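Have a look at run09.cif; it's mmCIF, C-alpha atoms and all ligand atoms:
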data_target
loop_
_atom_site.group_PDB
_atom_site.id
_atom_site.type_symbol
_atom_site.label_atom_id
_atom_site.label_comp_id
_atom_site.auth_asym_id
_atom_site.auth_seq_id
_atom_site.Cartn_x
_atom_site.Cartn_y
_atom_site.Cartn_z
ATOM 1 C CA MET A 21 -22.205 2.069 -13.154
ATOM 2 C CA ARG A 22 -18.674 0.833 -12.631
ATOM 3 C CA PRO A 23 -16.605 2.982 -10.258
ATOM 4 C CA ILE A 24 -13.648 4.857 -11.709
ATOM 5 C CA LEU A 25 -12.319 5.415 -8.190
ATOM 6 C CA ARG A 26 -12.861 3.310 -5.087
ATOM 7 C CA ALA A 27 -11.529 3.778 -1.572
ATOM 8 C CA GLU A 28 -11.806 1.093 1.081
ATOM 9 C CA GLY A 29 -11.326 1.751 4.775
ATOM 10 C CA LEU A 30 -9.025 4.731 4.294
ATOM 11 C CA SER A 31 -7.541 6.162 7.500
ATOM 12 C CA LYS A 32 -4.956 8.856 8.218
ATOM 13 C CA ALA A 33 -3.907 10.157 11.635
ATOM 14 C CA PHE A 34 -1.877 13.261 12.496
ATOM 15 C CA GLY A 35 -0.483 12.397 15.906
ATOM 16 C CA ARG A 36 -3.541 11.489 17.946
ATOM 17 C CA LEU A 37 -5.976 13.226 15.609
ATOM 18 C CA LEU A 38 -7.772 10.829 13.267
ATOM 19 C CA ALA A 39 -8.258 13.153 10.273
ATOM 20 C CA VAL A 40 -9.691 10.435 8.009
ATOM 21 C CA SER A 41 -11.202 7.354 9.597
ATOM 22 C CA GLY A 42 -12.333 4.194 7.779
ATOM 23 C CA VAL A 43 -13.646 6.020 4.714
ATOM 24 C CA ASN A 44 -15.310 3.979 1.965
ATOM 25 C CA LEU A 45 -16.027 5.852 -1.246
ATOM 26 C CA GLU A 46 -17.093 4.916 -4.770
ATOM 27 C CA VAL A 47 -17.053 7.441 -7.587
ATOM 28 C CA ALA A 48 -19.015 6.293 -10.658
ATOM 29 C CA ALA A 49 -17.358 6.790 -14.039
ATOM 30 C CA GLY A 50 -18.891 9.806 -15.773
ATOM 31 C CA SER A 51 -20.417 11.229 -12.595
ATOM 32 C CA ILE A 52 -20.086 14.553 -10.797
ATOM 33 C CA HIS A 53 -19.530 13.650 -7.164
ATOM 34 C CA ALA A 54 -19.322 16.194 -4.351
ATOM 35 C CA ILE A 55 -17.628 15.814 -0.971
ATOM 36 C CA ILE A 56 -19.054 18.115 1.659
ATOM 37 C CA GLY A 57 -18.610 18.491 5.382
ATOM 38 C CA PRO A 58 -17.851 21.074 8.060
ATOM 39 C CA ASN A 59 -14.383 22.608 8.364
ATOM 40 C CA GLY A 60 -11.861 20.104 9.632
ATOM 41 C CA ALA A 61 -13.994 17.136 8.524
ATOM 42 C CA GLY A 62 -11.016 15.612 6.699
ATOM 43 C CA LYS A 63 -11.997 16.504 3.121
ATOM 44 C CA SER A 64 -8.624 17.855 1.976
ATOM 45 C CA THR A 65 -6.775 15.038 3.740
ATOM 46 C CA LEU A 66 -8.975 12.512 1.923
ATOM 47 C CA PHE A 67 -8.001 14.204 -1.365
ATOM 48 C CA ASP A 68 -4.335 13.940 -0.383
ATOM 49 C CA LEU A 69 -4.799 10.193 0.086
ATOM 50 C CA LEU A 70 -6.647 9.778 -3.216
ATOM 51 C CA SER A 71 -4.195 11.879 -5.242
ATOM 52 C CA GLY A 72 -1.095 10.380 -3.620
ATOM 53 C CA ALA A 73 0.175 13.505 -1.833
ATOM 54 C CA LYS A 74 -0.071 11.558 1.434
ATOM 55 C CA ARG A 75 -0.123 7.839 2.192
ATOM 56 C CA PRO A 76 -2.910 6.298 4.283
ATOM 57 C CA ASP A 77 -2.164 4.497 7.538
ATOM 58 C CA LYS A 78 -4.807 1.948 6.576
ATOM 59 C CA GLY A 79 -7.022 1.147 3.630
ATOM 60 C CA ARG A 80 -6.749 0.895 -0.129
ATOM 61 C CA VAL A 81 -7.417 3.042 -3.176
ATOM 62 C CA TYR A 82 -8.345 1.661 -6.611
ATOM 63 C CA PHE A 83 -8.427 3.638 -9.848
ATOM 64 C CA LEU A 84 -9.975 1.882 -12.860
ATOM 65 C CA ASP A 85 -9.722 -1.407 -10.919
ATOM 66 C CA LYS A 86 -5.977 -1.023 -10.402
ATOM 67 C CA GLU A 87 -4.739 -0.661 -6.847
ATOM 68 C CA ILE A 88 -2.924 2.674 -6.507
ATOM 69 C CA THR A 89 -2.639 2.946 -2.707
ATOM 70 C CA HIS A 90 1.142 3.095 -2.737
ATOM 71 C CA ILE A 91 2.006 4.485 -6.149
ATOM 72 C CA ALA A 92 3.455 7.960 -6.714
ATOM 73 C CA VAL A 93 1.523 11.087 -7.688
ATOM 74 C CA GLU A 94 3.194 11.152 -11.139
ATOM 75 C CA GLU A 95 2.093 7.597 -11.871
ATOM 76 C CA ARG A 96 -1.495 8.400 -10.803
ATOM 77 C CA ILE A 97 -1.453 11.379 -13.152
ATOM 78 C CA ARG A 98 -0.217 9.110 -15.956
ATOM 79 C CA LEU A 99 -3.157 6.777 -15.306
ATOM 80 C CA GLY A 100 -5.564 9.719 -15.584
ATOM 81 C CA LEU A 101 -6.078 11.024 -12.053
ATOM 82 C CA SER A 102 -5.264 14.716 -11.521
ATOM 83 C CA ARG A 103 -6.152 17.331 -8.945
ATOM 84 C CA THR A 104 -6.297 21.033 -8.276
ATOM 85 C CA PHE A 105 -5.465 22.638 -4.938
ATOM 86 C CA GLN A 106 -7.376 24.849 -2.513
ATOM 87 C CA VAL A 107 -4.836 27.614 -3.278
ATOM 88 C CA PRO A 108 -4.077 27.926 -7.019
ATOM 89 C CA GLN A 109 -0.653 26.641 -8.106
ATOM 90 C CA VAL A 110 0.170 28.850 -11.096
ATOM 91 C CA PHE A 111 3.032 31.038 -12.385
ATOM 92 C CA THR A 112 1.636 34.465 -11.498
ATOM 93 C CA ASN A 113 4.339 36.407 -13.414
ATOM 94 C CA LEU A 114 3.655 34.628 -16.719
ATOM 95 C CA THR A 115 0.670 35.025 -19.035
ATOM 96 C CA VAL A 116 -2.264 32.633 -19.154
ATOM 97 C CA ARG A 117 -1.094 31.224 -22.495
ATOM 98 C CA GLU A 118 2.470 30.797 -21.208
ATOM 99 C CA ASN A 119 1.215 28.916 -18.159
ATOM 100 C CA LEU A 120 -0.738 26.544 -20.378
ATOM 101 C CA ILE A 121 2.171 26.049 -22.785
ATOM 102 C CA ILE A 122 4.550 25.178 -19.970
ATOM 103 C CA ALA A 123 2.055 22.704 -18.556
ATOM 104 C CA LEU A 124 1.346 21.193 -21.977
ATOM 105 C CA GLU A 125 5.027 20.783 -22.734
ATOM 106 C CA ALA A 126 5.588 19.119 -19.368
ATOM 107 C CA ALA A 127 2.557 16.856 -19.822
ATOM 108 C CA HIS A 128 3.382 15.557 -23.304
ATOM 109 C CA SER A 129 6.648 13.918 -24.253
ATOM 110 C CA LEU A 130 7.678 16.254 -27.045
ATOM 111 C CA SER A 131 11.451 16.092 -26.832
ATOM 112 C CA SER A 132 11.684 14.116 -30.091
ATOM 113 C CA TYR A 133 9.388 16.504 -32.009
ATOM 114 C CA PRO A 134 11.043 18.823 -34.542
ATOM 115 C CA TRP A 135 10.828 22.385 -33.207
ATOM 116 C CA PRO A 136 8.256 23.883 -35.664
ATOM 117 C CA ARG A 137 5.899 20.967 -35.177
ATOM 118 C CA LYS A 138 6.287 21.208 -31.419
ATOM 119 C CA THR A 139 5.531 24.921 -31.231
ATOM 120 C CA ARG A 140 2.522 24.492 -33.533
ATOM 121 C CA PHE A 141 1.186 21.646 -31.413
ATOM 122 C CA LEU A 142 1.606 23.647 -28.206
ATOM 123 C CA GLU A 143 -0.007 26.783 -29.665
ATOM 124 C CA GLU A 144 -2.987 24.814 -30.962
ATOM 125 C CA GLU A 145 -3.499 22.887 -27.753
ATOM 126 C CA ALA A 146 -3.226 26.080 -25.695
ATOM 127 C CA SER A 147 -5.777 27.835 -27.918
ATOM 128 C CA ALA A 148 -8.201 24.924 -27.589
ATOM 129 C CA LEU A 149 -7.851 24.992 -23.816
ATOM 130 C CA LEU A 150 -8.330 28.768 -23.664
ATOM 131 C CA GLU A 151 -11.570 28.327 -25.565
ATOM 132 C CA ARG A 152 -12.803 25.484 -23.353
ATOM 133 C CA LEU A 153 -12.107 27.618 -20.289
ATOM 134 C CA GLY A 154 -13.608 30.788 -21.789
ATOM 135 C CA LEU A 155 -10.299 32.577 -21.212
ATOM 136 C CA GLU A 156 -9.486 33.672 -24.790
ATOM 137 C CA GLU A 157 -9.617 37.358 -23.879
ATOM 138 C CA GLN A 158 -7.270 36.869 -20.946
ATOM 139 C CA ALA A 159 -4.707 34.829 -22.913
ATOM 140 C CA SER A 160 -2.021 37.530 -22.955
ATOM 141 C CA ARG A 161 -2.541 38.829 -19.431
ATOM 142 C CA LEU A 162 -0.273 37.975 -16.521
ATOM 143 C CA VAL A 163 -1.954 35.390 -14.321
ATOM 144 C CA GLY A 164 -1.078 37.444 -11.235
ATOM 145 C CA GLU A 165 -3.188 40.316 -12.586
ATOM 146 C CA LEU A 166 -6.293 38.236 -13.220
ATOM 147 C CA ALA A 167 -9.392 38.191 -11.050
ATOM 148 C CA HIS A 168 -9.373 35.354 -8.537
ATOM 149 C CA GLY A 169 -12.017 33.385 -10.471
ATOM 150 C CA ASP A 170 -9.967 33.497 -13.665
ATOM 151 C CA GLN A 171 -6.831 32.366 -11.798
ATOM 152 C CA ARG A 172 -8.714 29.339 -10.584
ATOM 153 C CA LEU A 173 -9.878 28.586 -14.126
ATOM 154 C CA VAL A 174 -6.232 28.733 -15.240
ATOM 155 C CA GLU A 175 -5.408 26.208 -12.572
ATOM 156 C CA ILE A 176 -8.159 23.906 -13.847
ATOM 157 C CA GLY A 177 -6.634 24.399 -17.302
ATOM 158 C CA LEU A 178 -3.217 23.277 -16.036
ATOM 159 C CA ALA A 179 -4.792 20.092 -14.682
ATOM 160 C CA LEU A 180 -6.570 19.530 -18.019
ATOM 161 C CA CYS A 181 -3.198 19.623 -19.816
ATOM 162 C CA LEU A 182 -2.594 16.245 -18.187
ATOM 163 C CA ARG A 183 -5.684 14.836 -19.970
ATOM 164 C CA PRO A 184 -7.260 13.384 -16.829
ATOM 165 C CA LYS A 185 -10.120 10.883 -16.797
ATOM 166 C CA LEU A 186 -10.921 11.934 -13.234
ATOM 167 C CA LEU A 187 -10.282 15.434 -11.925
ATOM 168 C CA LEU A 188 -10.221 16.141 -8.187
ATOM 169 C CA LEU A 189 -11.054 19.758 -7.351
ATOM 170 C CA ASP A 190 -10.571 21.115 -3.830
ATOM 171 C CA GLU A 191 -13.110 23.916 -3.343
ATOM 172 C CA PRO A 192 -13.070 25.153 -6.950
ATOM 173 C CA THR A 193 -15.332 28.118 -6.129
ATOM 174 C CA ALA A 194 -13.682 29.183 -2.839
ATOM 175 C CA GLY A 195 -13.373 32.970 -2.585
ATOM 176 C CA MET A 196 -15.313 33.584 -5.796
ATOM 177 C CA SER A 197 -18.018 36.163 -6.406
ATOM 178 C CA ASP A 198 -21.454 34.861 -7.421
ATOM 179 C CA ALA A 199 -20.729 35.648 -11.069
ATOM 180 C CA GLU A 200 -17.359 33.854 -10.966
ATOM 181 C CA THR A 201 -18.949 30.878 -9.216
ATOM 182 C CA TRP A 202 -21.667 30.631 -11.843
ATOM 183 C CA ARG A 203 -19.121 30.791 -14.650
ATOM 184 C CA THR A 204 -16.961 28.107 -13.036
ATOM 185 C CA VAL A 205 -20.000 25.866 -12.607
ATOM 186 C CA GLN A 206 -20.877 26.305 -16.305
ATOM 187 C CA THR A 207 -17.283 25.523 -17.316
ATOM 188 C CA LEU A 208 -17.152 22.392 -15.176
ATOM 189 C CA LYS A 209 -20.525 21.264 -16.534
ATOM 190 C CA SER A 210 -19.394 21.659 -20.113
ATOM 191 C CA LEU A 211 -16.092 19.830 -19.467
ATOM 192 C CA HIS A 212 -18.134 17.005 -17.980
ATOM 193 C CA ARG A 213 -20.659 16.970 -20.807
ATOM 194 C CA GLU A 214 -18.309 17.442 -23.738
ATOM 195 C CA GLU A 215 -15.261 15.493 -22.626
ATOM 196 C CA GLY A 216 -16.892 12.901 -20.390
ATOM 197 C CA LEU A 217 -14.610 14.006 -17.577
ATOM 198 C CA THR A 218 -15.512 12.533 -14.183
ATOM 199 C CA LEU A 219 -15.379 15.156 -11.428
ATOM 200 C CA LEU A 220 -14.868 14.667 -7.706
ATOM 201 C CA PHE A 221 -14.975 17.982 -5.907
ATOM 202 C CA ILE A 222 -14.929 19.385 -2.394
ATOM 203 C CA GLU A 223 -17.428 22.197 -2.058
ATOM 204 C CA HIS A 224 -18.710 24.522 0.607
ATOM 205 C CA ASP A 225 -21.389 26.246 -1.450
ATOM 206 C CA MET A 226 -24.537 24.105 -1.378
ATOM 207 C CA ALA A 227 -25.988 25.973 -4.363
ATOM 208 C CA VAL A 228 -23.038 24.666 -6.400
ATOM 209 C CA VAL A 229 -23.464 21.135 -5.032
ATOM 210 C CA PHE A 230 -27.150 21.173 -5.951
ATOM 211 C CA GLY A 231 -26.378 22.791 -9.287
ATOM 212 C CA ILE A 232 -24.047 20.083 -10.584
ATOM 213 C CA ALA A 233 -23.567 17.018 -8.361
ATOM 214 C CA ASP A 234 -25.242 13.652 -9.038
ATOM 215 C CA ARG A 235 -23.854 12.141 -5.816
ATOM 216 C CA VAL A 236 -22.841 13.658 -2.501
ATOM 217 C CA THR A 237 -20.690 12.170 0.255
ATOM 218 C CA VAL A 238 -20.760 13.928 3.615
ATOM 219 C CA LEU A 239 -17.678 13.734 5.827
ATOM 220 C CA HIS A 240 -17.816 14.564 9.502
ATOM 221 C CA LEU A 241 -14.982 14.092 12.003
ATOM 222 C CA GLY A 242 -13.091 12.045 9.419
ATOM 223 C CA GLU A 243 -15.926 9.593 8.784
ATOM 224 C CA VAL A 244 -18.558 9.215 6.097
ATOM 225 C CA LEU A 245 -21.741 10.512 7.725
ATOM 226 C CA ALA A 246 -24.032 10.100 4.715
ATOM 227 C CA GLU A 247 -23.998 9.367 0.989
ATOM 228 C CA GLY A 248 -26.725 9.946 -1.563
ATOM 229 C CA THR A 249 -28.277 12.220 -4.140
ATOM 230 C CA PRO A 250 -28.284 15.947 -3.316
ATOM 231 C CA ASP A 251 -31.986 15.737 -2.414
ATOM 232 C CA GLU A 252 -31.436 12.806 -0.052
ATOM 233 C CA ILE A 253 -28.539 14.613 1.610
ATOM 234 C CA ALA A 254 -30.516 17.852 2.062
ATOM 235 C CA LYS A 255 -33.239 15.944 3.936
ATOM 236 C CA ASP A 256 -30.853 13.888 6.084
ATOM 237 C CA GLU A 257 -31.220 14.752 9.772
ATOM 238 C CA LYS A 258 -27.730 13.518 10.692
ATOM 239 C CA VAL A 259 -26.301 15.883 8.086
ATOM 240 C CA GLN A 260 -28.343 18.817 9.334
ATOM 241 C CA ALA A 261 -27.183 18.134 12.892
ATOM 242 C CA ALA A 262 -23.516 17.993 11.800
ATOM 243 C CA TYR A 263 -23.887 21.380 10.181
ATOM 244 C CA LEU A 264 -25.598 22.985 13.186
ATOM 245 C CA GLY A 265 -24.232 26.478 13.574
ATOM 246 C CA GLU A 266 -23.030 26.647 9.978
ATOM 247 C CA GLU A 267 -24.983 28.396 7.256
ATOM 248 C CA VAL A 268 -23.987 26.051 4.453
ATOM 249 C CA MET A 269 -27.342 24.313 4.069
ATOM 250 C CA ALA A 270 -28.983 27.638 3.408
ATOM 251 C CA GLY A 271 -28.255 27.731 -0.355
HETATM 252 P P1 LIG A 301 -11.145 19.877 5.719
HETATM 253 O O1 LIG A 301 -10.493 19.939 4.377
HETATM 254 O O2 LIG A 301 -12.398 19.049 5.741
HETATM 255 O O3 LIG A 301 -11.400 21.226 6.306
HETATM 256 P P2 LIG A 301 -8.608 18.759 6.604
HETATM 257 O O4 LIG A 301 -8.473 17.462 5.898
HETATM 258 O O5 LIG A 301 -7.843 19.907 6.096
HETATM 259 O O6 LIG A 301 -10.162 19.124 6.735
HETATM 260 O O7 LIG A 301 -8.224 18.547 8.119
HETATM 261 C C1 LIG A 301 -8.775 17.500 8.912
HETATM 262 C C2 LIG A 301 -8.159 17.588 10.295
HETATM 263 O O8 LIG A 301 -6.797 17.211 10.220
HETATM 264 C C3 LIG A 301 -8.201 18.969 10.903
HETATM 265 O O9 LIG A 301 -8.435 18.837 12.289
HETATM 266 C C4 LIG A 301 -6.835 19.525 10.615
HETATM 267 O O10 LIG A 301 -6.452 20.478 11.595
HETATM 268 C C5 LIG A 301 -5.981 18.284 10.691
HETATM 269 N N1 LIG A 301 -4.795 18.342 9.815
HETATM 270 C C6 LIG A 301 -4.813 18.469 8.458
HETATM 271 N N2 LIG A 301 -3.568 18.438 7.956
HETATM 272 C C7 LIG A 301 -2.735 18.286 9.016
HETATM 273 C C8 LIG A 301 -1.309 18.180 9.162
HETATM 274 N N3 LIG A 301 -0.502 18.216 8.088
HETATM 275 N N4 LIG A 301 -0.818 18.043 10.416
HETATM 276 C C9 LIG A 301 -1.629 17.990 11.494
HETATM 277 N N5 LIG A 301 -2.964 18.081 11.431
HETATM 278 C C10 LIG A 301 -3.528 18.231 10.210
HETATM 279 MG MG MG A 302 -9.964 21.612 3.100
#
Could you express the structure from this file as structure tokens?
Ligand code: ADP
Ligand code: MG
Amino acid sequence: MRPILRAEGLSKAFGRLLAVSGVNLEVAAGSIHAIIGPNGAGKSTLFDLLSGAKRPDKGRVYFLDKEITHIAVEERIRLGLSRTFQVPQVFTNLTVRENLIIALEAAHSLSSYPWPRKTRFLEEEASALLERLGLEEQASRLVGELAHGDQRLVEIGLALCLRPKLLLLDEPTAGMSDAETWRTVQTLKSLHREEGLTLLFIEHDMAVVFGIADRVTVLHLGEVLAEGTPDEIAKDEKVQAAYLGEEVMAG
């Protein structure tokens, strides 16, 4: 399978700390690929390099065979690469529907549309997204009043407004209850299945990784420690040693 995203020798230092060190990564088009690793392994920094929030000191990034190492976040989004953050970036004092409408309007160039057509388009797109996210009942509630799991689904919805081909998710289930986690996993699975969306996600919960990932890359001290199927990774002694003292392999 041809990679949608490829990183070669990516490195990023903060002062003398090498947060990401010589990372090679290939994400197959149409796959669900997990990045795991202990706290401080460099996972979020790697995402910053892939999404364009930070520039690498060394190495290259390719998206759909085009080199994107030095292009801006907005241009990456235009090509089809979007991300969500570890802490949701949403308007908490607006409703779910309003958040989606703002994001949709920003994502599509609608300035030349006549007003009635524009509002109809936005309403329809927002309704479709609410359904895909299973948030129809929350549509008119303020995002700030939603349960944490629903807020994170809204944030995924905002990223979907950009019509990505590849979505990067930084710990999509962080802080969620078991029920919220399960629902998020189901939503991500159906987005993958029904829209052919490729997912690259950072995850702490091994039950989630085993539940949805086809490929797993393990980062440790900024380097790729192992890469394989979830079963291969679970059996890997280097991986188990890196996680010593953490409970994450328990799931
Ligand atoms: P992870 O997401 O795997 O927990 P991070 O990528 O957030 O790891 O961090 C990797 C390492 O880089 C950590 O030691 C962290 O303290 C350090 N780090 C991350 N961001 C910065 C920054 N902006 N300035 C200095 N050090 C940072
Ligand atoms: Mg992180």
Distance table requested - chain A against ligand MG 302 (chain A), cut-off 7 Å, only C-alpha atoms and all ligand atoms: one row per qualifying residue with the closest atom pair and its distance in Å to one decimal, ordered by chain and rising residue number, as JSON lines.
{"residue": "A:Asn59", "atom": "CA", "partner": "A:MG302", "partner_atom": "MG", "distance": 6.9}
{"residue": "A:Gly60", "atom": "CA", "partner": "A:MG302", "partner_atom": "MG", "distance": 7.0}
{"residue": "A:Lys63", "atom": "CA", "partner": "A:MG302", "partner_atom": "MG", "distance": 5.5}
{"residue": "A:Ser64", "atom": "CA", "partner": "A:MG302", "partner_atom": "MG", "distance": 4.1}
{"residue": "A:Gln106", "atom": "CA", "partner": "A:MG302", "partner_atom": "MG", "distance": 7.0}
{"residue": "A:Asp190", "atom": "CA", "partner": "A:MG302", "partner_atom": "MG", "distance": 7.0}
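Take CA of Phe230 in chain A and CA of Ser41 in chain A: the distance between them is 26.2 Å.
Of the residues under consideration (A:Arg161, A:His224, A:Lys138, A:Arg98), A:Arg98 shows the shortest atom-to-atom contact distance to Leu182 in chain A when counting all atoms listed in the file.
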Next item on the list: Using only C-alpha atoms, determine which residues lie at most 9 Å from Gly164 in chain A, disregarding the query and same-chain residues fewer than 5 positions distant; provide the list as a VMD selection string.
Entry: chain A and resid 110 to 115 171
Note to self: If the limit is 7 Å from any atom of ligand LIG 301 (chain A), counting all atoms listed in the file, which residues qualify? Return them as number ranges by chain.
What the structure shows: A: 34, 37, 39, 57-66, 242
Next item on the list: Please write as a list in words the full residue list that the PyMOL selection byres (((chain A and resi 218) around 10) and not hetatm) yields on this file.
Entry: Ile24, Leu25, Val47, Ala48, Ala49, Gly50, Ser51, Ile52, His53, Leu101, Pro184, Lys185, Leu186, Leu187, Leu188, Leu211, His212, Arg213, Glu215, Gly216, Leu217, Leu219, Leu220 and Phe221 of chain A
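Of note, CA of Gly231 in chain A and CA of Ala148 in chain A are spaced 25.9 Å apart.
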For range 246-248 of chain A, please output as a compact mmCIF listing (two decimals) with C-alpha atoms, in the coordinates of the input all residues within 7 Å (counting all atoms listed in the file; exclusion window: fewer than 3 positions along the same chain).
# COMPACT_ATOMS: atom_id res chain seq x y z
CA ARG A 235 -23.85 12.14 -5.82
CA VAL A 236 -22.84 13.66 -2.50
CA THR A 237 -20.69 12.17 0.26
CA VAL A 238 -20.76 13.93 3.62
CA GLU A 252 -31.44 12.81 -0.05
CA ILE A 253 -28.54 14.61 1.61
Note to self: Which residues would end up in the selection if the PyMOL selection byres (((chain A and resi 127) around 12) and not hetatm) were applied here, given that I need the answer as a PyMOL selection string?
What the structure shows: chain A and resi 94+97-98+100+102+120-126+128-131+142+145+178-184
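Compared by their closest atoms to Ala167 in chain A, and using all atoms listed in the file, the residues A:Leu38, A:Arg152, A:Ala199, A:Phe141 rank with A:Ala199 nearest.
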Rebuild N, CA and C atoms on range 225-239 of chain A, as a PDB file, keeping the file's coordinate frame?
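To be explicit, this is the file written out as rebuild-v6.pdb:
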ATOM      1  N   ASP A 225     -20.206  25.521  -1.012  1.00  0.00           N
ATOM      2  CA  ASP A 225     -21.389  26.246  -1.450  1.00  0.00           C
ATOM      3  C   ASP A 225     -22.460  25.234  -1.872  1.00  0.00           C
ATOM      4  N   MET A 226     -23.520  25.115  -1.087  1.00  0.00           N
ATOM      5  CA  MET A 226     -24.537  24.105  -1.378  1.00  0.00           C
ATOM      6  C   MET A 226     -25.284  24.390  -2.676  1.00  0.00           C
ATOM      7  N   ALA A 227     -25.335  25.661  -3.079  1.00  0.00           N
ATOM      8  CA  ALA A 227     -25.988  25.973  -4.363  1.00  0.00           C
ATOM      9  C   ALA A 227     -25.207  25.322  -5.499  1.00  0.00           C
ATOM     10  N   VAL A 228     -23.872  25.302  -5.379  1.00  0.00           N
ATOM     11  CA  VAL A 228     -23.038  24.666  -6.400  1.00  0.00           C
ATOM     12  C   VAL A 228     -23.254  23.155  -6.372  1.00  0.00           C
ATOM     13  N   VAL A 229     -23.263  22.583  -5.167  1.00  0.00           N
ATOM     14  CA  VAL A 229     -23.464  21.135  -5.032  1.00  0.00           C
ATOM     15  C   VAL A 229     -24.785  20.740  -5.692  1.00  0.00           C
ATOM     16  N   PHE A 230     -25.856  21.484  -5.377  1.00  0.00           N
ATOM     17  CA  PHE A 230     -27.150  21.173  -5.951  1.00  0.00           C
ATOM     18  C   PHE A 230     -27.194  21.459  -7.438  1.00  0.00           C
ATOM     19  N   GLY A 231     -26.395  22.431  -7.867  1.00  0.00           N
ATOM     20  CA  GLY A 231     -26.378  22.791  -9.287  1.00  0.00           C
ATOM     21  C   GLY A 231     -25.746  21.733 -10.168  1.00  0.00           C
ATOM     22  N   ILE A 232     -24.740  20.996  -9.664  1.00  0.00           N
ATOM     23  CA  ILE A 232     -24.047  20.083 -10.584  1.00  0.00           C
ATOM     24  C   ILE A 232     -23.850  18.648 -10.107  1.00  0.00           C
ATOM     25  N   ALA A 233     -23.938  18.369  -8.811  1.00  0.00           N
ATOM     26  CA  ALA A 233     -23.567  17.018  -8.361  1.00  0.00           C
ATOM     27  C   ALA A 233     -24.672  15.995  -8.615  1.00  0.00           C
ATOM     28  N   ASP A 234     -24.284  14.764  -9.012  1.00  0.00           N
ATOM     29  CA  ASP A 234     -25.242  13.652  -9.038  1.00  0.00           C
ATOM     30  C   ASP A 234     -25.202  12.883  -7.719  1.00  0.00           C
ATOM     31  N   ARG A 235     -24.036  12.876  -7.078  1.00  0.00           N
ATOM     32  CA  ARG A 235     -23.854  12.141  -5.816  1.00  0.00           C
ATOM     33  C   ARG A 235     -23.165  13.056  -4.821  1.00  0.00           C
ATOM     34  N   VAL A 236     -23.475  12.868  -3.554  1.00  0.00           N
ATOM     35  CA  VAL A 236     -22.841  13.658  -2.501  1.00  0.00           C
ATOM     36  C   VAL A 236     -22.405  12.712  -1.386  1.00  0.00           C
ATOM     37  N   THR A 237     -21.165  12.877  -0.933  1.00  0.00           N
ATOM     38  CA  THR A 237     -20.690  12.170   0.255  1.00  0.00           C
ATOM     39  C   THR A 237     -20.417  13.216   1.323  1.00  0.00           C
ATOM     40  N   VAL A 238     -20.955  12.984   2.525  1.00  0.00           N
ATOM     41  CA  VAL A 238     -20.760  13.928   3.615  1.00  0.00           C
ATOM     42  C   VAL A 238     -19.743  13.363   4.591  1.00  0.00           C
ATOM     43  N   LEU A 239     -18.673  14.122   4.824  1.00  0.00           N
ATOM     44  CA  LEU A 239     -17.678  13.734   5.827  1.00  0.00           C
ATOM     45  C   LEU A 239     -17.915  14.544   7.090  1.00  0.00           C
TER      46      LEU A 239
END
